[in-house]
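Enquirer: Enclosed is the structure file input20.cif (mmCIF, C-alpha atoms and all ligand atoms).
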```
data_model
loop_
_atom_site.label_atom_id
_atom_site.label_comp_id
_atom_site.auth_asym_id
_atom_site.auth_seq_id
_atom_site.Cartn_x
_atom_site.Cartn_y
_atom_site.Cartn_z
CA MET A 57 6.79 13.81 12.38
CA ARG A 58 5.23 11.06 10.29
CA GLN A 59 5.16 7.53 11.61
CA LYS A 60 6.31 4.95 9.08
CA LEU A 61 3.92 2.24 7.93
CA VAL A 62 5.15 -1.11 6.67
CA ALA A 63 2.37 -3.08 4.97
CA GLY A 64 2.64 -6.55 3.50
CA ASN A 65 0.82 -7.38 0.29
CA TRP A 66 0.63 -11.14 0.07
CA LYS A 67 -0.91 -10.96 -3.41
CA MET A 68 -2.39 -14.38 -4.37
CA HIS A 69 -0.32 -16.43 -1.94
CA GLY A 70 -1.05 -18.39 1.20
CA ASN A 71 -3.09 -21.21 2.63
CA LEU A 72 -4.72 -21.76 6.01
CA ILE A 73 -1.90 -23.81 7.49
CA GLU A 74 1.02 -21.62 6.38
CA ASN A 75 -0.86 -18.41 7.19
CA GLN A 76 -1.46 -19.53 10.75
CA VAL A 77 2.28 -19.91 11.32
CA LEU A 78 3.27 -16.71 9.51
CA LEU A 79 0.59 -14.49 11.07
CA GLY A 80 1.28 -15.89 14.55
CA ASN A 81 4.98 -15.27 14.10
CA LEU A 82 4.40 -11.68 12.95
CA ARG A 83 1.96 -10.99 15.79
CA ASP A 84 4.47 -12.21 18.39
CA SER A 85 7.64 -10.78 16.84
CA LEU A 86 6.22 -7.34 16.10
CA ALA A 87 4.61 -6.95 19.53
CA GLY A 88 7.43 -4.79 20.85
CA MET A 89 7.74 -2.50 17.84
CA GLN A 90 7.50 1.18 18.61
CA ASN A 91 7.26 4.33 16.54
CA MET A 92 6.09 2.47 13.46
CA ALA A 93 2.91 0.79 12.26
CA SER A 94 2.53 -2.53 10.48
CA ALA A 95 -0.18 -4.28 8.52
CA ILE A 96 -0.74 -7.32 6.33
CA CYS A 97 -3.06 -7.31 3.31
CA VAL A 98 -4.27 -10.85 2.70
CA PRO A 99 -6.45 -12.48 0.03
CA PHE A 100 -10.19 -12.14 0.80
CA PRO A 101 -10.73 -15.75 2.00
CA TYR A 102 -8.13 -15.28 4.73
CA LEU A 103 -9.50 -12.06 6.25
CA ALA A 104 -11.30 -13.97 8.99
CA GLN A 105 -8.10 -15.82 9.81
CA ALA A 106 -6.07 -12.60 9.88
CA GLN A 107 -8.69 -11.07 12.15
CA SER A 108 -8.67 -14.03 14.51
CA VAL A 109 -4.87 -14.20 14.78
CA LEU A 110 -4.08 -10.46 14.77
CA ALA A 111 -6.98 -8.95 16.74
CA GLY A 112 -5.65 -7.12 19.77
CA SER A 113 -2.08 -7.09 18.42
CA VAL A 114 -0.09 -4.18 17.01
CA VAL A 115 -0.39 -5.63 13.51
CA ALA A 116 -3.37 -4.38 11.49
CA TRP A 117 -4.81 -6.23 8.52
CA GLY A 118 -6.51 -5.37 5.30
CA ALA A 119 -7.51 -6.42 1.81
CA GLN A 120 -5.89 -5.98 -1.60
CA ASN A 121 -8.91 -4.74 -3.54
CA LEU A 122 -12.58 -3.83 -3.17
CA SER A 123 -15.58 -3.06 -5.33
CA GLU A 124 -16.46 0.52 -6.13
CA HIS A 125 -20.09 -0.46 -5.56
CA ALA A 126 -21.74 -0.63 -2.14
CA LYS A 127 -23.87 -3.70 -2.92
CA GLY A 128 -25.85 -5.31 -5.70
CA ALA A 129 -25.65 -7.68 -8.66
CA TYR A 130 -21.86 -7.72 -9.04
CA THR A 131 -20.99 -11.41 -9.05
CA GLY A 132 -17.61 -12.11 -7.54
CA GLU A 133 -17.08 -8.64 -6.09
CA VAL A 134 -16.44 -7.68 -2.46
CA SER A 135 -17.71 -4.42 -0.95
CA ALA A 136 -16.11 -2.05 1.52
CA SER A 137 -18.67 -2.87 4.20
CA MET A 138 -17.80 -6.57 3.86
CA LEU A 139 -14.16 -5.69 4.53
CA GLN A 140 -15.27 -3.69 7.54
CA ASP A 141 -17.16 -6.74 8.81
CA PHE A 142 -13.80 -8.48 9.09
CA GLY A 143 -12.09 -5.65 10.92
CA CYS A 144 -9.96 -4.40 8.03
CA ARG A 145 -8.13 -1.15 8.64
CA TYR A 146 -6.56 -0.87 5.19
CA VAL A 147 -7.39 -1.74 1.62
CA ILE A 148 -4.97 -1.48 -1.29
CA VAL A 149 -6.48 0.49 -4.17
CA GLY A 150 -5.14 0.79 -7.71
CA HIS A 151 -2.26 -1.64 -7.42
CA SER A 152 -0.43 -1.76 -10.75
CA GLU A 153 -1.41 -5.42 -11.16
CA ARG A 154 -5.08 -4.42 -10.87
CA ARG A 155 -4.55 -1.63 -13.37
CA ALA A 156 -2.56 -3.70 -15.87
CA LEU A 157 -4.15 -7.15 -15.58
CA PHE A 158 -7.74 -6.32 -14.62
CA GLY A 159 -8.29 -3.17 -16.62
CA GLU A 160 -8.78 -0.78 -13.73
CA THR A 161 -8.78 2.74 -15.12
CA ASP A 162 -7.87 5.86 -13.17
CA GLU A 163 -11.61 6.53 -12.82
CA VAL A 164 -12.38 3.07 -11.43
CA VAL A 165 -9.48 3.40 -9.01
CA ALA A 166 -10.84 6.77 -7.87
CA ALA A 167 -14.31 5.27 -7.34
CA LYS A 168 -12.79 2.44 -5.28
CA PHE A 169 -10.85 4.98 -3.25
CA MET A 170 -14.10 6.80 -2.47
CA ALA A 171 -15.87 3.55 -1.55
CA ALA A 172 -13.09 2.76 0.93
CA ILE A 173 -13.19 6.22 2.50
CA ALA A 174 -16.98 6.16 2.75
CA ALA A 175 -16.77 2.93 4.75
CA GLY A 176 -14.08 4.27 7.09
CA LEU A 177 -11.33 2.11 5.62
CA ILE A 178 -7.90 3.58 4.89
CA PRO A 179 -7.12 3.18 1.20
CA ILE A 180 -3.49 2.54 0.30
CA LEU A 181 -3.51 4.23 -3.09
CA CYS A 182 -0.83 2.88 -5.43
CA VAL A 183 0.67 5.03 -8.15
CA GLY A 184 3.67 4.47 -10.35
CA GLU A 185 5.05 4.38 -13.86
CA THR A 186 6.02 1.50 -16.14
CA LEU A 187 9.54 1.08 -17.50
CA SER A 188 8.61 2.51 -20.90
CA GLU A 189 6.97 5.50 -19.25
CA ARG A 190 10.11 6.13 -17.20
CA GLU A 191 12.29 5.79 -20.27
CA ALA A 192 10.06 8.29 -22.06
CA ASP A 193 10.60 10.69 -19.16
CA ALA A 194 6.89 10.49 -18.40
CA ALA A 195 6.99 9.19 -14.81
CA GLU A 196 5.86 12.43 -13.21
CA ALA A 197 3.13 13.01 -15.80
CA VAL A 198 1.75 9.50 -15.28
CA ILE A 199 1.77 9.81 -11.50
CA ALA A 200 0.18 13.26 -11.68
CA ARG A 201 -2.58 11.85 -13.90
CA GLN A 202 -3.20 8.96 -11.48
CA LEU A 203 -3.35 11.36 -8.52
CA ASP A 204 -5.52 13.91 -10.30
CA ALA A 205 -8.21 11.31 -11.00
CA VAL A 206 -8.50 10.67 -7.26
CA LEU A 207 -8.18 14.33 -6.29
CA LYS A 208 -10.99 15.20 -8.66
CA ILE A 209 -13.56 13.24 -6.67
CA ALA A 210 -11.95 12.84 -3.25
CA GLY A 211 -10.19 16.18 -2.88
CA MET A 212 -7.46 16.77 -0.32
CA ALA A 213 -9.95 15.82 2.40
CA GLY A 214 -9.98 12.31 0.94
CA ILE A 215 -6.22 12.21 0.51
CA ALA A 216 -5.89 13.18 4.18
CA ARG A 217 -7.63 9.92 5.11
CA SER A 218 -5.44 7.72 2.92
CA VAL A 219 -1.95 6.33 2.55
CA LEU A 220 -0.09 6.61 -0.75
CA ALA A 221 2.29 4.05 -2.15
CA TYR A 222 4.74 4.85 -4.93
CA GLU A 223 5.32 1.57 -6.72
CA PRO A 224 7.36 1.86 -9.92
CA VAL A 225 6.01 -1.02 -12.01
CA TRP A 226 9.51 -1.90 -13.23
CA ALA A 227 10.61 -2.54 -9.64
CA ILE A 228 7.76 -4.86 -8.62
CA GLY A 229 8.80 -8.48 -8.23
CA THR A 230 11.82 -7.90 -10.44
CA GLY A 231 14.54 -7.53 -7.83
CA LYS A 232 15.23 -4.09 -9.36
CA THR A 233 14.67 -1.62 -6.56
CA ALA A 234 14.48 2.06 -7.33
CA SER A 235 17.59 3.62 -5.86
CA PRO A 236 16.89 5.59 -2.68
CA GLU A 237 17.57 8.78 -4.67
CA GLN A 238 15.22 7.79 -7.50
CA ALA A 239 12.45 6.91 -5.07
CA GLN A 240 13.01 10.02 -2.96
CA ALA A 241 12.77 12.23 -6.04
CA VAL A 242 9.34 10.83 -6.91
CA HIS A 243 8.13 10.95 -3.30
CA ALA A 244 9.15 14.60 -3.09
CA PHE A 245 7.37 15.28 -6.38
CA ILE A 246 4.16 13.70 -5.03
CA ARG A 247 4.35 15.61 -1.75
CA GLN A 248 5.05 18.92 -3.48
CA LYS A 249 2.21 18.39 -5.93
CA LEU A 250 -0.21 17.78 -3.06
CA ALA A 251 1.29 20.58 -0.96
CA ALA A 252 0.30 23.03 -3.66
CA GLN A 253 -3.29 22.25 -2.66
CA ASP A 254 -2.82 21.80 1.10
CA ALA A 255 0.65 21.93 2.64
CA ASP A 256 -0.44 20.64 6.03
CA ILE A 257 -2.19 17.54 4.67
CA ALA A 258 0.70 16.86 2.28
CA ASN A 259 3.18 17.12 5.12
CA ARG A 260 1.27 14.65 7.28
CA LEU A 261 0.60 12.14 4.46
CA VAL A 262 2.31 8.76 4.68
CA ILE A 263 3.88 7.90 1.32
CA GLN A 264 5.21 4.35 1.16
CA TYR A 265 7.66 2.97 -1.37
CA GLY A 266 6.99 -0.42 -2.93
CA GLY A 267 9.03 -2.54 -5.34
CA SER A 268 11.55 -5.20 -4.33
CA VAL A 269 11.94 -3.90 -0.78
CA LYS A 270 13.97 -6.38 1.28
CA ALA A 271 15.63 -6.47 4.67
CA ALA A 272 18.89 -5.59 2.91
CA ASN A 273 17.70 -2.34 1.30
CA ALA A 274 14.88 -1.16 3.60
CA ALA A 275 16.95 1.00 5.96
CA GLU A 276 18.50 3.02 3.15
CA LEU A 277 15.16 3.58 1.44
CA PHE A 278 13.44 4.49 4.70
CA SER A 279 16.16 6.99 5.61
CA GLN A 280 15.03 9.24 2.75
CA PRO A 281 13.09 12.24 4.02
CA ASP A 282 9.89 11.60 2.04
CA ILE A 283 9.78 7.79 2.23
CA ASP A 284 7.48 6.78 5.06
CA GLY A 285 7.78 3.01 5.05
CA GLY A 286 7.01 0.39 2.44
CA LEU A 287 4.44 -1.75 0.70
CA ILE A 288 6.08 -5.15 0.63
CA GLY A 289 5.25 -7.99 -1.75
CA GLY A 290 7.52 -11.03 -1.85
CA ALA A 291 9.39 -10.23 1.36
CA SER A 292 6.12 -10.09 3.33
CA LEU A 293 5.76 -13.85 2.84
CA VAL A 294 9.00 -14.48 4.77
CA ALA A 295 8.64 -13.72 8.47
CA ASP A 296 12.28 -12.85 9.16
CA GLU A 297 12.45 -10.53 6.14
CA PHE A 298 9.25 -8.71 7.02
CA ILE A 299 10.24 -8.35 10.68
CA ALA A 300 13.62 -6.94 9.69
CA ILE A 301 11.94 -4.45 7.35
CA CYS A 302 9.65 -3.37 10.20
CA LYS A 303 12.71 -2.91 12.43
CA ALA A 304 14.29 -0.71 9.76
CA ALA A 305 11.18 1.48 9.88
CA GLN A 306 11.64 2.08 13.60
CA SER A 307 14.84 4.06 13.38
P1 LIG B 401 7.60 -6.89 -4.41
O1 LIG B 401 8.00 -6.42 -3.04
O2 LIG B 401 7.44 -8.38 -4.50
O3 LIG B 401 8.45 -6.30 -5.48
O4 LIG B 401 6.09 -6.32 -4.67
C1 LIG B 401 5.84 -4.99 -4.43
C2 LIG B 401 4.38 -4.80 -4.49
O5 LIG B 401 3.76 -4.88 -5.53
C3 LIG B 401 3.68 -4.53 -3.23
O6 LIG B 401 2.37 -4.13 -3.46
#
```
Would you mind giving the structure from this file in structure tokens?

Expert:
Amino acid sequence: MRQKLVAGNWKMHGNLIENQVLLGNLRDSLAGMQNMASAICVPFPYLAQAQSVLAGSVVAWGAQNLSEHAKGAYTGEVSASMLQDFGCRYVIVGHSERRALFGETDEVVAAKFMAAIAAGLIPILCVGETLSEREADAAEAVIARQLDAVLKIAGMAGIARSVLAYEPVWAIGTGKTASPEQAQAVHAFIRQKLAAQDADIANRLVIQYGGSVKAANAAELFSQPDIDGGLIGGASLVADEFIAICKAAQS
């Protein structure tokens, strides 16, 4: 039985004062949660703050990106070992905004995935199709291509140490959630594709759904057999919403 994981992705939001209130609220409100796991992925400058507020609580923390390089002359980049220094458990890899806005190719995403694994971090690998790809009936082909790039260098042993997130690009920040049936169909496709290589690892893999998840739709999404929690953008900035989504992951 897989335990659901609800992870917040704050994206480029927050400041020291507001974070202190939000993180403290989450730490206290989620303390009693059972049979689910939670995490918050904050912007790099706030990792120390997340660590100081959340250390010792049930809420883990992580980053939203990392360099594929271990160290060196890469101005502005942040390495996996730096994230480890701040107690990160998770790091989001290959978010569609990184792919679309910052030119991250499937190969770069795969290299980042490996860098995270090598440092003992758990990559949350995002995959998902754009609206035009869905309309062209290419969703599965796109997701297979994104997965294959990672499988090629990480293998199923790498996948076993990761979390996957299916995030249809057309559902991110748009208020258009994939229907539970649409999301379930893609989650089942991903699990079956991986099961062809290793059924046991595929069966144990946590596959989150992301894209306009809210308190109002979380329970229905999470009731699908292959949806193991969510990667939450906008609603992770609102304590009551995020807490309600975590509660929905308990049942
Ligand atoms: P929203 O929940 O704001 O749609 O964002 C989803 C997302 O991109 C999480 O990584």

Enquirer: Starting from the point (-8.8, -19.5, 10.4), work out which residues of protein, DNA or RNA have an atom no more than 9 Å away when counting all atoms listed in the file; state them as a PyMOL selection string.

Expert: chain A and resi 72-73+75-76+102-109

Enquirer: Could you state the separation of atom CA of Leu61 of chain A and atom CA of Ser85 of chain A in Å, given to one decimal place?

Expert: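 Interatomic distance, atom CA of Leu61 of chain A to atom CA of Ser85 of chain A: 16.2 Å.
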
Enquirer: In Å, rounded to a single decimal, give me how far atom CA of Asp193 of chain A is from atom CA of Glu160 of chain A.

Expert: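 Computed distance, atom CA of Glu160 of chain A to atom CA of Asp193 of chain A, equals 23.2 Å.
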
Enquirer: Per residue of chain A within 9 Å of ligand LIG 401 (chain B), what are the shortest atom pair and its distance in Å to one decimal, counting all atoms listed in the file, with rows by chain and residue number, as JSON lines?

Expert:
```
{"residue": "A:Ala63", "atom": "CA", "partner": "B:LIG401", "partner_atom": "C3", "distance": 8.4}
{"residue": "A:Gly64", "atom": "CA", "partner": "B:LIG401", "partner_atom": "C3", "distance": 7.1}
{"residue": "A:Asn65", "atom": "CA", "partner": "B:LIG401", "partner_atom": "O6", "distance": 5.2}
{"residue": "A:Trp66", "atom": "CA", "partner": "B:LIG401", "partner_atom": "C3", "distance": 8.0}
{"residue": "A:Lys67", "atom": "CA", "partner": "B:LIG401", "partner_atom": "O6", "distance": 7.6}
{"residue": "A:Gln120", "atom": "CA", "partner": "B:LIG401", "partner_atom": "O6", "distance": 8.7}
{"residue": "A:Ile148", "atom": "CA", "partner": "B:LIG401", "partner_atom": "O6", "distance": 8.1}
{"residue": "A:His151", "atom": "CA", "partner": "B:LIG401", "partner_atom": "O6", "distance": 6.6}
{"residue": "A:Ser152", "atom": "CA", "partner": "B:LIG401", "partner_atom": "O5", "distance": 7.4}
{"residue": "A:Glu153", "atom": "CA", "partner": "B:LIG401", "partner_atom": "O5", "distance": 7.7}
{"residue": "A:Cys182", "atom": "CA", "partner": "B:LIG401", "partner_atom": "O6", "distance": 8.0}
{"residue": "A:Ala221", "atom": "CA", "partner": "B:LIG401", "partner_atom": "O6", "distance": 8.3}
{"residue": "A:Glu223", "atom": "CA", "partner": "B:LIG401", "partner_atom": "O5", "distance": 6.7}
{"residue": "A:Pro224", "atom": "CA", "partner": "B:LIG401", "partner_atom": "O5", "distance": 8.8}
{"residue": "A:Val225", "atom": "CA", "partner": "B:LIG401", "partner_atom": "O5", "distance": 7.9}
{"residue": "A:Trp226", "atom": "CA", "partner": "B:LIG401", "partner_atom": "O3", "distance": 9.0}
{"residue": "A:Ala227", "atom": "CA", "partner": "B:LIG401", "partner_atom": "O3", "distance": 6.0}
{"residue": "A:Ile228", "atom": "CA", "partner": "B:LIG401", "partner_atom": "O3", "distance": 3.5}
{"residue": "A:Gly229", "atom": "CA", "partner": "B:LIG401", "partner_atom": "O3", "distance": 3.5}
{"residue": "A:Thr230", "atom": "CA", "partner": "B:LIG401", "partner_atom": "O3", "distance": 6.2}
{"residue": "A:Gly231", "atom": "CA", "partner": "B:LIG401", "partner_atom": "O3", "distance": 6.6}
{"residue": "A:Lys232", "atom": "CA", "partner": "B:LIG401", "partner_atom": "O3", "distance": 8.1}
{"residue": "A:Thr233", "atom": "CA", "partner": "B:LIG401", "partner_atom": "O3", "distance": 7.9}
{"residue": "A:Tyr265", "atom": "CA", "partner": "B:LIG401", "partner_atom": "C3", "distance": 8.7}
{"residue": "A:Gly266", "atom": "CA", "partner": "B:LIG401", "partner_atom": "C1", "distance": 4.9}
{"residue": "A:Gly267", "atom": "CA", "partner": "B:LIG401", "partner_atom": "O3", "distance": 3.8}
{"residue": "A:Ser268", "atom": "CA", "partner": "B:LIG401", "partner_atom": "O3", "distance": 3.5}
{"residue": "A:Val269", "atom": "CA", "partner": "B:LIG401", "partner_atom": "O1", "distance": 5.2}
{"residue": "A:Lys270", "atom": "CA", "partner": "B:LIG401", "partner_atom": "O1", "distance": 7.4}
{"residue": "A:Gly286", "atom": "CA", "partner": "B:LIG401", "partner_atom": "C3", "distance": 8.2}
{"residue": "A:Leu287", "atom": "CA", "partner": "B:LIG401", "partner_atom": "C3", "distance": 4.9}
{"residue": "A:Ile288", "atom": "CA", "partner": "B:LIG401", "partner_atom": "O1", "distance": 4.3}
{"residue": "A:Gly289", "atom": "CA", "partner": "B:LIG401", "partner_atom": "O1", "distance": 3.4}
{"residue": "A:Gly290", "atom": "CA", "partner": "B:LIG401", "partner_atom": "O2", "distance": 3.7}
{"residue": "A:Ala291", "atom": "CA", "partner": "B:LIG401", "partner_atom": "O1", "distance": 6.0}
{"residue": "A:Ser292", "atom": "CA", "partner": "B:LIG401", "partner_atom": "O1", "distance": 7.6}
```

Enquirer: Check the smallest atom-to-atom distance from each of A:Ser94, A:Phe298, A:Gln240, A:Leu250 to Leu277 of chain A using only C-alpha atoms, then report the winner.

Expert: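 Smallest separation from Leu277 of chain A among the options: A:Gln240.
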
Enquirer: What does the distance from atom CA of Tyr222 of chain A to atom CA of Glu276 of chain A come to in Å, to one decimal?

Expert: 16.1 Å

Enquirer: Which is closest to Val114 of chain A among A:Ile257, A:Leu139, A:Ala192, A:Ile96, if we use all atoms listed in the file?

Expert: A:Ile96

Enquirer: List the neighbours of Leu261 of chain A out to 10 Å using all atoms listed in the file; skip same-chain residues closer than 3 positions along the sequence, and give me the result as a list in words.

Expert: Arg58, Gln59, Ile215, Ala216, Arg217, Ser218, Val219, Leu220, Arg247, Leu250, Ala255, Asp256, Ile257, Ala258, Gln264, Asp282 and Asp284 of chain A

Enquirer: Go through A:Phe100, A:Leu187, A:Ala167, A:Ala156 and flag the residue nearest Gly132 of chain A, using all atoms listed in the file for the distances.

Expert: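 Nearest candidate to Gly132 of chain A out of A:Phe100, A:Leu187, A:Ala167, A:Ala156: A:Phe100.
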
Enquirer: Using only C-alpha atoms, which residues sit within 12 Å of Gln140 of chain A once same-chain residues fewer than 2 positions away are excluded, as a ChimeraX atom specification?

Expert: /A:100,103-104,107,117-119,122,134-138,142-147,171-178

Enquirer: Which residue, A:Ile299, A:Ala239, A:Ala275, A:Ala166, has the smallest gap to Val115 of chain A when you use only C-alpha atoms?

Expert: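 Of A:Ile299, A:Ala239, A:Ala275, A:Ala166, the one nearest Val115 of chain A, counting only C-alpha atoms, is A:Ile299.
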
Enquirer: Which of these residues is nearest to Gln280 of chain A, using only C-alpha atoms: A:Val294, A:Ala241, A:Val262, A:Ala111?

Expert: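 Nearest to Gln280 of chain A: A:Ala241.
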
Enquirer: Looking at only C-alpha atoms, which of A:Ala126, A:Val62, A:Ile246, A:Ala213 is the one that sits closest to Val183 of chain A?

Expert: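 Closest to Val183 of chain A of all the choices is A:Ile246.
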
Enquirer: Grab segment 176-185 of chain A from that structure and dump all heavy atoms to a file, as a PDB file, in the first residue's frame.

Expert:
```pdb
ATOM      1  N   GLY A 176      21.613  11.727  -2.468  1.00  0.00           N
ATOM      2  CA  GLY A 176      20.679  11.182  -1.477  1.00  0.00           C
ATOM      3  C   GLY A 176      19.400  11.983  -1.325  1.00  0.00           C
ATOM      4  O   GLY A 176      18.645  11.800  -0.374  1.00  0.00           O
ATOM      5  N   LEU A 177      19.166  12.896  -2.278  1.00  0.00           N
ATOM      6  CA  LEU A 177      17.891  13.632  -2.268  1.00  0.00           C
ATOM      7  C   LEU A 177      16.859  12.816  -3.042  1.00  0.00           C
ATOM      8  O   LEU A 177      17.208  12.006  -3.903  1.00  0.00           O
ATOM      9  CB  LEU A 177      18.057  14.981  -2.961  1.00  0.00           C
ATOM     10  CG  LEU A 177      19.059  15.948  -2.343  1.00  0.00           C
ATOM     11  CD1 LEU A 177      19.389  17.072  -3.314  1.00  0.00           C
ATOM     12  CD2 LEU A 177      18.494  16.520  -1.043  1.00  0.00           C
ATOM     13  N   ILE A 178      15.593  13.057  -2.762  1.00  0.00           N
ATOM     14  CA  ILE A 178      14.524  12.383  -3.510  1.00  0.00           C
ATOM     15  C   ILE A 178      14.028  13.340  -4.596  1.00  0.00           C
ATOM     16  O   ILE A 178      13.408  14.366  -4.289  1.00  0.00           O
ATOM     17  CB  ILE A 178      13.354  11.986  -2.586  1.00  0.00           C
ATOM     18  CG1 ILE A 178      13.846  11.051  -1.484  1.00  0.00           C
ATOM     19  CG2 ILE A 178      12.221  11.346  -3.400  1.00  0.00           C
ATOM     20  CD1 ILE A 178      12.795  10.705  -0.437  1.00  0.00           C
ATOM     21  N   PRO A 179      14.326  13.034  -5.863  1.00  0.00           N
ATOM     22  CA  PRO A 179      13.800  13.907  -6.914  1.00  0.00           C
ATOM     23  C   PRO A 179      12.301  13.692  -7.094  1.00  0.00           C
ATOM     24  O   PRO A 179      11.827  12.552  -7.076  1.00  0.00           O
ATOM     25  CB  PRO A 179      14.571  13.479  -8.169  1.00  0.00           C
ATOM     26  CG  PRO A 179      15.119  12.134  -7.883  1.00  0.00           C
ATOM     27  CD  PRO A 179      15.150  11.939  -6.395  1.00  0.00           C
ATOM     28  N   ILE A 180      11.574  14.779  -7.245  1.00  0.00           N
ATOM     29  CA  ILE A 180      10.169  14.713  -7.660  1.00  0.00           C
ATOM     30  C   ILE A 180      10.190  15.047  -9.145  1.00  0.00           C
ATOM     31  O   ILE A 180      10.304  16.210  -9.537  1.00  0.00           O
ATOM     32  CB  ILE A 180       9.286  15.701  -6.870  1.00  0.00           C
ATOM     33  CG1 ILE A 180       9.330  15.405  -5.364  1.00  0.00           C
ATOM     34  CG2 ILE A 180       7.844  15.668  -7.394  1.00  0.00           C
ATOM     35  CD1 ILE A 180       8.510  16.377  -4.497  1.00  0.00           C
ATOM     36  N   LEU A 181      10.156  14.014  -9.963  1.00  0.00           N
ATOM     37  CA  LEU A 181      10.304  14.179 -11.412  1.00  0.00           C
ATOM     38  C   LEU A 181       8.952  14.517 -12.041  1.00  0.00           C
ATOM     39  O   LEU A 181       8.013  13.725 -11.968  1.00  0.00           O
ATOM     40  CB  LEU A 181      10.847  12.883 -12.028  1.00  0.00           C
ATOM     41  CG  LEU A 181      10.877  12.847 -13.559  1.00  0.00           C
ATOM     42  CD1 LEU A 181      11.878  13.855 -14.116  1.00  0.00           C
ATOM     43  CD2 LEU A 181      11.210  11.435 -14.050  1.00  0.00           C
ATOM     44  N   CYS A 182       8.881  15.704 -12.655  1.00  0.00           N
ATOM     45  CA  CYS A 182       7.623  16.136 -13.276  1.00  0.00           C
ATOM     46  C   CYS A 182       7.594  15.754 -14.749  1.00  0.00           C
ATOM     47  O   CYS A 182       8.570  15.973 -15.477  1.00  0.00           O
ATOM     48  CB  CYS A 182       7.470  17.643 -13.168  1.00  0.00           C
ATOM     49  SG  CYS A 182       7.427  18.252 -11.490  1.00  0.00           S
ATOM     50  N   VAL A 183       6.482  15.210 -15.164  1.00  0.00           N
ATOM     51  CA  VAL A 183       6.239  14.916 -16.577  1.00  0.00           C
ATOM     52  C   VAL A 183       4.832  15.407 -16.916  1.00  0.00           C
ATOM     53  O   VAL A 183       3.991  15.567 -16.026  1.00  0.00           O
ATOM     54  CB  VAL A 183       6.355  13.398 -16.879  1.00  0.00           C
ATOM     55  CG1 VAL A 183       7.771  12.893 -16.607  1.00  0.00           C
ATOM     56  CG2 VAL A 183       5.331  12.581 -16.091  1.00  0.00           C
ATOM     57  N   GLY A 184       4.613  15.647 -18.194  1.00  0.00           N
ATOM     58  CA  GLY A 184       3.263  16.076 -18.570  1.00  0.00           C
ATOM     59  C   GLY A 184       3.263  16.740 -19.926  1.00  0.00           C
ATOM     60  O   GLY A 184       4.286  17.262 -20.377  1.00  0.00           O
ATOM     61  N   GLU A 185       2.092  16.720 -20.548  1.00  0.00           N
ATOM     62  CA  GLU A 185       1.949  17.228 -21.908  1.00  0.00           C
ATOM     63  C   GLU A 185       1.329  18.619 -21.919  1.00  0.00           C
ATOM     64  O   GLU A 185       0.620  18.993 -21.000  1.00  0.00           O
ATOM     65  CB  GLU A 185       1.074  16.252 -22.714  1.00  0.00           C
ATOM     66  CG  GLU A 185      -0.443  16.385 -22.515  1.00  0.00           C
ATOM     67  CD  GLU A 185      -0.934  15.836 -21.169  1.00  0.00           C
ATOM     68  OE1 GLU A 185      -0.129  15.338 -20.373  1.00  0.00           O
ATOM     69  OE2 GLU A 185      -2.165  15.932 -20.929  1.00  0.00           O
TER      70      GLU A 185
END
```
